[in-house]
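Listing of entry_6.txt, compact mmCIF, C-alpha atoms and all ligand atoms
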```txt
# COMPACT_ATOMS: atom_id res chain seq x y z
CA MET A 1 -12.98 -14.98 3.45
CA SER A 2 -11.32 -17.56 1.20
CA SER A 3 -8.10 -16.49 -0.46
CA SER A 4 -9.66 -16.97 -3.89
CA GLN A 5 -12.53 -14.61 -3.13
CA ARG A 6 -11.91 -11.35 -4.92
CA VAL A 7 -12.35 -7.88 -3.56
CA ARG A 8 -13.04 -4.77 -5.60
CA VAL A 9 -10.27 -2.20 -5.39
CA SER A 10 -10.42 1.30 -6.78
CA LEU A 11 -7.17 3.19 -7.21
CA ASP A 12 -5.97 6.39 -8.84
CA VAL A 13 -2.57 5.59 -10.31
CA ASP A 14 -0.51 8.19 -12.15
CA GLY A 15 -3.64 10.22 -12.77
CA SER A 16 -5.90 7.44 -14.07
CA ARG A 17 -8.63 5.58 -12.20
CA TYR A 18 -8.46 1.77 -12.13
CA VAL A 19 -11.15 -0.51 -10.68
CA ASP A 20 -10.26 -4.19 -10.42
CA ASP A 21 -11.21 -7.30 -8.49
CA VAL A 22 -8.16 -8.66 -6.68
CA GLU A 23 -7.35 -11.55 -4.38
CA PRO A 24 -7.03 -10.38 -0.77
CA ARG A 25 -3.42 -11.58 -0.62
CA THR A 26 -2.30 -9.55 -3.66
CA LEU A 27 0.42 -7.07 -2.81
CA LEU A 28 0.14 -3.52 -4.13
CA VAL A 29 3.39 -3.96 -6.06
CA GLN A 30 2.03 -7.09 -7.76
CA HIS A 31 -1.18 -5.29 -8.62
CA LEU A 32 0.71 -2.32 -10.06
CA ARG A 33 2.99 -4.49 -12.16
CA GLU A 34 0.86 -7.43 -13.16
CA ARG A 35 -2.60 -5.89 -13.53
CA LEU A 36 -1.90 -2.26 -14.30
CA GLY A 37 1.33 -2.74 -16.27
CA LYS A 38 3.31 -0.33 -14.10
CA VAL A 39 6.51 -2.33 -14.47
CA GLY A 40 8.69 0.70 -13.73
CA THR A 41 8.08 -0.20 -10.09
CA VAL A 42 10.31 -3.17 -9.41
CA ILE A 43 10.66 -5.94 -6.84
CA GLY A 44 14.15 -6.39 -5.42
CA CYS A 45 13.65 -8.51 -2.33
CA ASP A 46 11.12 -10.53 -0.39
CA THR A 47 11.89 -8.96 2.97
CA SER A 48 10.51 -5.40 2.59
CA ASN A 49 14.10 -4.27 2.88
CA CYS A 50 15.45 -2.93 -0.42
CA GLY A 51 13.03 -0.07 -1.22
CA SER A 52 13.09 -0.69 -4.98
CA CYS A 53 9.26 -0.97 -4.95
CA THR A 54 8.75 2.49 -3.40
CA VAL A 55 5.79 4.52 -4.66
CA LEU A 56 3.97 7.57 -3.33
CA MET A 57 0.56 6.87 -1.82
CA GLY A 58 -2.05 9.06 -0.16
CA GLY A 59 -5.71 9.16 0.64
CA PRO A 60 -8.31 11.08 -1.35
CA ASP A 61 -7.76 14.09 0.93
CA GLU A 62 -4.32 13.26 2.28
CA PRO A 63 -0.94 14.08 0.80
CA GLN A 64 1.04 11.28 -0.75
CA HIS A 65 4.05 9.83 1.03
CA SER A 66 6.51 7.15 0.07
CA VAL A 67 5.59 3.56 0.89
CA LYS A 68 7.16 0.25 0.03
CA SER A 69 4.47 -1.19 -2.20
CA CYS A 70 5.53 -4.74 -1.33
CA SER A 71 4.49 -4.09 2.26
CA VAL A 72 0.94 -2.95 1.41
CA LEU A 73 -1.90 -5.19 0.28
CA ALA A 74 -3.79 -3.96 -2.76
CA VAL A 75 -7.01 -4.08 -0.73
CA GLN A 76 -5.44 -1.79 1.87
CA ALA A 77 -4.84 0.76 -0.87
CA ASP A 78 -8.50 0.86 -1.90
CA GLY A 79 -9.50 4.48 -2.49
CA ALA A 80 -5.91 5.70 -2.47
CA SER A 81 -4.06 7.77 -5.01
CA VAL A 82 -0.68 6.40 -6.06
CA THR A 83 2.17 7.88 -8.05
CA THR A 84 4.74 5.54 -9.55
CA VAL A 85 7.98 6.50 -11.23
CA GLU A 86 6.04 6.34 -14.50
CA GLY A 87 3.82 9.21 -13.36
CA LEU A 88 6.59 11.65 -12.46
CA ALA A 89 7.33 13.13 -15.87
CA GLY A 90 5.44 16.23 -16.94
CA PRO A 91 2.57 16.10 -19.47
CA ASP A 92 5.03 17.11 -22.20
CA GLY A 93 7.31 14.20 -21.29
CA SER A 94 9.86 16.40 -19.52
CA LEU A 95 11.66 14.59 -16.73
CA HIS A 96 10.99 15.47 -13.10
CA ALA A 97 13.86 17.43 -11.55
CA VAL A 98 14.92 14.37 -9.53
CA GLN A 99 14.93 12.16 -12.64
CA GLN A 100 16.91 14.78 -14.53
CA ALA A 101 19.47 15.11 -11.75
CA PHE A 102 19.93 11.32 -11.47
CA HIS A 103 20.56 11.25 -15.22
CA GLU A 104 22.97 14.18 -15.30
CA LEU A 105 24.96 13.25 -12.22
CA HIS A 106 25.30 9.53 -12.99
CA ALA A 107 23.40 8.50 -9.90
CA LEU A 108 22.77 5.02 -11.25
CA GLN A 109 24.71 2.10 -12.60
CA CYS A 110 22.56 -1.01 -13.05
CA GLY A 111 19.49 1.13 -12.37
CA PHE A 112 17.61 -1.47 -10.39
CA CYS A 113 17.30 0.64 -7.25
CA THR A 114 16.64 3.84 -9.20
CA PRO A 115 12.83 3.96 -9.42
CA GLY A 116 12.46 3.48 -5.68
CA MET A 117 15.36 5.78 -4.90
CA ILE A 118 13.82 8.54 -7.02
CA MET A 119 10.40 8.16 -5.39
CA SER A 120 11.91 8.35 -1.91
CA ALA A 121 13.91 11.42 -2.95
CA VAL A 122 10.77 13.12 -4.29
CA ASP A 123 9.03 12.47 -0.98
CA LEU A 124 12.04 13.72 0.98
CA LEU A 125 12.24 16.97 -1.00
CA ARG A 126 8.53 17.65 -0.58
CA ASP A 127 8.98 17.50 3.17
CA ASN A 128 12.39 19.17 3.25
CA PRO A 129 13.26 21.35 0.23
CA ASP A 130 16.80 22.05 1.43
CA PRO A 131 18.13 18.92 3.13
CA SER A 132 21.66 18.52 4.44
CA GLU A 133 23.75 15.60 3.21
CA GLU A 134 23.01 13.82 6.46
CA GLU A 135 19.27 14.37 6.04
CA ILE A 136 19.44 13.03 2.48
CA ARG A 137 21.27 9.90 3.62
CA GLU A 138 18.77 9.46 6.45
CA GLY A 139 15.81 10.08 4.12
CA LEU A 140 17.04 7.45 1.67
CA SER A 141 18.12 4.94 4.29
CA GLY A 142 15.23 2.62 3.38
CA ASN A 143 16.54 2.29 -0.17
CA LEU A 144 19.51 0.06 -0.85
CA CYS A 145 21.93 0.42 -3.76
CA ARG A 146 24.50 -2.27 -4.48
CA CYS A 147 26.35 -0.33 -7.16
CA THR A 148 26.98 3.36 -6.64
CA GLY A 149 28.30 3.83 -3.12
CA TYR A 150 25.54 6.46 -2.76
CA GLN A 151 27.82 9.49 -3.32
CA ASN A 152 26.37 10.42 -6.72
CA ILE A 153 22.87 9.74 -5.45
CA VAL A 154 23.37 12.28 -2.67
CA ARG A 155 24.79 14.78 -5.17
CA ALA A 156 21.83 14.25 -7.47
CA VAL A 157 19.34 14.85 -4.68
CA GLN A 158 21.20 18.04 -3.72
CA ALA A 159 21.08 19.21 -7.35
CA ALA A 160 17.39 18.33 -7.65
CA ALA A 161 16.66 20.20 -4.43
CA ALA A 162 18.35 23.31 -5.82
CA ALA A 163 16.50 22.99 -9.13
CA LEU A 164 13.14 22.58 -7.40
CA ARG A 165 13.79 25.55 -5.12
CA ALA A 166 14.62 27.65 -8.16
CA GLN A 167 11.25 26.73 -9.68
CA VAL A 168 9.39 28.34 -6.78
CA PRO A 169 8.75 31.96 -7.71
CA GLU A 170 10.47 34.28 -5.33
CA GLU A 171 8.17 36.35 -3.20
CA VAL A 172 7.88 39.88 -4.51
CA THR A 173 8.78 42.39 -1.87
CA ALA A 174 7.73 45.99 -2.20
S1 LIG B 201 10.73 -5.18 -3.07
FE1 LIG B 201 12.30 -4.83 -1.59
S2 LIG B 201 11.35 -3.46 -0.19
FE2 LIG B 201 9.79 -3.90 -1.61
S1 LIG B 202 22.41 1.36 -9.38
FE1 LIG B 202 22.51 -0.79 -9.16
S2 LIG B 202 21.53 -1.19 -7.28
FE2 LIG B 202 21.62 0.98 -7.38
```

As structure tokens, how would this structure be written, given the file I've shared?
Ligand code: FES
Ligand code: FES
Amino acid sequence: MSSSQRVRVSLDVDGSRYVDDVEPRTLLVQHLRERLGKVGTVIGCDTSNCGSCTVLMGGPDEPQHSVKSCSVLAVQADGASVTTVEGLAGPDGSLHAVQQAFHELHALQCGFCTPGMIMSAVDLLRDNPDPSEEEIREGLSGNLCRCTGYQNIVRAVQAAAAALRAQVPEEVTA
């Protein structure tokens, strides 16, 4: 296949279906930003190292998990569902608990790492609703921040975890 030959890719992104013809070499992060306008997902390195491009991705019948969208080709994501940081807010525009906690606890300075950091934190809290500090640091180890020293990020994830746990209705016991 020549690199200029295009391949049809169908993706659900932030709740909308997109069907596009892409070059086989196009990275998912390029496709999200340049074709779909999802510029909230950012590119911070060319070594698959920084995590700023992190999104959630799953199959039609598989749960979503965090992936570095610079390490996935758009054609590999064909048929997948993807959530970017732009798809986290509720239908009424209310921030996701992780977004809210990052805002309230000053878990960002320049903000460049924040979209990826938030997506990794969302994935972490889905798998582990009550993580220890060590588990949070381990869970976010693929996301680099040059500014904050991570302390407020850890605090924000702890606060978001508590807020999300409080949203789960307590089981009624007779
Ligand atoms: S842009 Fe740095 S890991 Fe993807
Ligand atoms: S807030 Fe600047 S890189 Fe994390």

Site check for ligand LIG 201 (chain B): residues at most 7 Å away, all atoms listed in the file, as a list in words: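 Checked against 7 Å with all atoms listed in the file; the hits are Val42, Ile43, Gly44, Cys45, Asp46, Thr47, Ser48, Asn49, Cys50, Gly51, Ser52, Cys53, Thr54, Lys68, Ser69, Cys70 and Ser71 of chain A.
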
Produce as an MDAnalysis selection string the set of residues near ligand LIG 202 (chain B), where near means within 7 Å with all atoms listed in the file considered. chainID A and resid 108:114 144:148

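If only C-alpha atoms are the atoms counted, then among A:Ala97, A:Arg25, A:Asp78, A:Ile153 the closest residue to Ser141 of chain A is A:Ile153.
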
Counting all atoms listed in the file, closest pick from A:Ser81, A:Gly40, A:Gln99, A:Pro24 relative to Leu11 of chain A is A:Ser81

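With distances taken over all atoms listed in the file, A:Ala77 is the one residue among A:Ile136, A:Ala77, A:Val85, A:Leu105 lying closest to Ser10 of chain A.
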
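The environment of Thr84 of chain A within 10 Å, counting only C-alpha atoms and disregarding residues fewer than 3 places along the same chain, consists of A:Val13, A:Asp14, A:Leu32, A:Lys38, A:Val39, A:Gly40, A:Thr41, A:Cys53, A:Thr54, A:Val55, A:Leu56, A:Met57, A:Ser66, A:Ser69, A:Gly87, A:Leu88, A:Pro115, A:Gly116, A:Ile118, A:Met119.
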
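Nearest-residue note for Gly59 of chain A: choosing from A:Leu28, A:Val82, A:Leu95, A:Val22, the minimum distance belongs to A:Val82, counting only C-alpha atoms.
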
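Here atom CA of Val98 of chain A stands at a distance of 13.3 Å from atom CA of Leu140 of chain A.
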
Identify, on the basis of only C-alpha atoms, every residue whose closest approach to Asp12 of chain A does not exceed 9 Å; exclude the query and any residue fewer than 3 positions from it along the same chain; express the result as a PyMOL selection string. chain A and resi 15-19+79-83

At what distance in Å, to one decimal, does atom CA of Glu104 of chain A lie from atom CA of Arg155 of chain A? 10.3 Å

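The shortest atom-to-atom distance to Pro63 of chain A, with only C-alpha atoms taken into account, belongs to A:Asp123 out of A:Gln151, A:Ala156, A:Asp123, A:Glu135.
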
What is the atom CA of Val7 of chain A to atom CA of Asp21 of chain A distance in Å?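 Between these atoms lies a distance of 5.1 Å.
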
Kindly output segment 89-123 of chain A as an mmCIF file, keeping the file's coordinate frame, after building N, CA and C atoms.
```
data_model
loop_
_atom_site.group_PDB
_atom_site.id
_atom_site.type_symbol
_atom_site.label_atom_id
_atom_site.label_comp_id
_atom_site.auth_asym_id
_atom_site.auth_seq_id
_atom_site.Cartn_x
_atom_site.Cartn_y
_atom_site.Cartn_z
ATOM 1 N N ALA A 89 7.008 12.209 -14.775
ATOM 2 C CA ALA A 89 7.330 13.130 -15.870
ATOM 3 C C ALA A 89 6.171 14.083 -16.117
ATOM 4 N N GLY A 90 6.471 15.254 -16.638
ATOM 5 C CA GLY A 90 5.440 16.230 -16.940
ATOM 6 C C GLY A 90 4.598 15.788 -18.124
ATOM 7 N N PRO A 91 3.461 16.475 -18.369
ATOM 8 C CA PRO A 91 2.570 16.100 -19.470
ATOM 9 C C PRO A 91 3.271 16.158 -20.832
ATOM 10 N N ASP A 92 4.306 17.012 -20.929
ATOM 11 C CA ASP A 92 5.030 17.110 -22.200
ATOM 12 C C ASP A 92 6.186 16.110 -22.267
ATOM 13 N N GLY A 93 6.255 15.209 -21.275
ATOM 14 C CA GLY A 93 7.310 14.200 -21.290
ATOM 15 C C GLY A 93 8.602 14.659 -20.630
ATOM 16 N N SER A 94 8.631 15.907 -20.156
ATOM 17 C CA SER A 94 9.860 16.400 -19.520
ATOM 18 C C SER A 94 10.080 15.666 -18.194
ATOM 19 N N LEU A 95 11.342 15.339 -17.941
ATOM 20 C CA LEU A 95 11.660 14.590 -16.730
ATOM 21 C C LEU A 95 11.421 15.448 -15.497
ATOM 22 N N HIS A 96 11.040 14.815 -14.418
ATOM 23 C CA HIS A 96 10.990 15.470 -13.100
ATOM 24 C C HIS A 96 12.409 15.878 -12.724
ATOM 25 N N ALA A 97 12.530 16.928 -11.926
ATOM 26 C CA ALA A 97 13.860 17.430 -11.550
ATOM 27 C C ALA A 97 14.730 16.335 -10.918
ATOM 28 N N VAL A 98 14.133 15.447 -10.155
ATOM 29 C CA VAL A 98 14.920 14.370 -9.530
ATOM 30 C C VAL A 98 15.396 13.382 -10.607
ATOM 31 N N GLN A 99 14.529 13.051 -11.542
ATOM 32 C CA GLN A 99 14.930 12.160 -12.640
ATOM 33 C C GLN A 99 16.066 12.789 -13.445
ATOM 34 N N GLN A 100 15.910 14.072 -13.740
ATOM 35 C CA GLN A 100 16.910 14.780 -14.530
ATOM 36 C C GLN A 100 18.264 14.778 -13.820
ATOM 37 N N ALA A 101 18.230 15.047 -12.512
ATOM 38 C CA ALA A 101 19.470 15.110 -11.750
ATOM 39 C C ALA A 101 20.139 13.724 -11.663
ATOM 40 N N PHE A 102 19.354 12.668 -11.495
ATOM 41 C CA PHE A 102 19.930 11.320 -11.470
ATOM 42 C C PHE A 102 20.621 11.030 -12.811
ATOM 43 N N HIS A 103 19.998 11.468 -13.884
ATOM 44 C CA HIS A 103 20.560 11.250 -15.220
ATOM 45 C C HIS A 103 21.863 12.039 -15.383
ATOM 46 N N GLU A 104 21.819 13.307 -15.036
ATOM 47 C CA GLU A 104 22.970 14.180 -15.300
ATOM 48 C C GLU A 104 24.151 13.884 -14.392
ATOM 49 N N LEU A 105 23.883 13.443 -13.182
ATOM 50 C CA LEU A 105 24.960 13.250 -12.220
ATOM 51 C C LEU A 105 25.340 11.771 -12.045
ATOM 52 N N HIS A 106 24.903 10.943 -12.974
ATOM 53 C CA HIS A 106 25.300 9.530 -12.990
ATOM 54 C C HIS A 106 25.009 8.865 -11.652
ATOM 55 N N ALA A 107 23.783 9.041 -11.199
ATOM 56 C CA ALA A 107 23.400 8.500 -9.900
ATOM 57 C C ALA A 107 22.864 7.076 -10.004
ATOM 58 N N LEU A 108 23.179 6.413 -11.102
ATOM 59 C CA LEU A 108 22.770 5.020 -11.250
ATOM 60 C C LEU A 108 23.799 4.258 -12.055
ATOM 61 N N GLN A 109 23.863 2.985 -11.776
ATOM 62 C CA GLN A 109 24.710 2.100 -12.600
ATOM 63 C C GLN A 109 23.805 1.030 -13.211
ATOM 64 N N CYS A 110 23.467 -0.012 -12.468
ATOM 65 C CA CYS A 110 22.560 -1.010 -13.050
ATOM 66 C C CYS A 110 21.147 -0.466 -13.149
ATOM 67 N N GLY A 111 20.800 0.493 -12.297
ATOM 68 C CA GLY A 111 19.490 1.130 -12.370
ATOM 69 C C GLY A 111 18.386 0.418 -11.620
ATOM 70 N N PHE A 112 18.699 -0.707 -11.004
ATOM 71 C CA PHE A 112 17.610 -1.470 -10.390
ATOM 72 C C PHE A 112 16.995 -0.734 -9.209
ATOM 73 N N CYS A 113 17.824 -0.071 -8.427
ATOM 74 C CA CYS A 113 17.300 0.640 -7.250
ATOM 75 C C CYS A 113 16.678 1.983 -7.620
ATOM 76 N N THR A 114 16.912 2.443 -8.848
ATOM 77 C CA THR A 114 16.640 3.840 -9.200
ATOM 78 C C THR A 114 15.175 4.265 -9.075
ATOM 79 N N PRO A 115 14.220 3.483 -9.559
ATOM 80 C CA PRO A 115 12.830 3.960 -9.420
ATOM 81 C C PRO A 115 12.456 4.222 -7.960
ATOM 82 N N GLY A 116 12.795 3.293 -7.088
ATOM 83 C CA GLY A 116 12.460 3.480 -5.680
ATOM 84 C C GLY A 116 13.246 4.605 -5.050
ATOM 85 N N MET A 117 14.505 4.720 -5.438
ATOM 86 C CA MET A 117 15.360 5.780 -4.900
ATOM 87 C C MET A 117 14.789 7.144 -5.291
ATOM 88 N N ILE A 118 14.379 7.272 -6.540
ATOM 89 C CA ILE A 118 13.820 8.540 -7.020
ATOM 90 C C ILE A 118 12.526 8.867 -6.284
ATOM 91 N N MET A 119 11.668 7.880 -6.078
ATOM 92 C CA MET A 119 10.400 8.160 -5.390
ATOM 93 C C MET A 119 10.644 8.581 -3.950
ATOM 94 N N SER A 120 11.585 7.948 -3.285
ATOM 95 C CA SER A 120 11.910 8.350 -1.910
ATOM 96 C C SER A 120 12.491 9.758 -1.887
ATOM 97 N N ALA A 121 13.318 10.075 -2.888
ATOM 98 C CA ALA A 121 13.910 11.420 -2.950
ATOM 99 C C ALA A 121 12.837 12.472 -3.191
ATOM 100 N N VAL A 122 11.877 12.170 -4.044
ATOM 101 C CA VAL A 122 10.770 13.120 -4.290
ATOM 102 C C VAL A 122 10.027 13.378 -2.987
ATOM 103 N N ASP A 123 9.747 12.323 -2.250
ATOM 104 C CA ASP A 123 9.030 12.470 -0.980
ATOM 105 C C ASP A 123 9.866 13.294 0.006
#
```
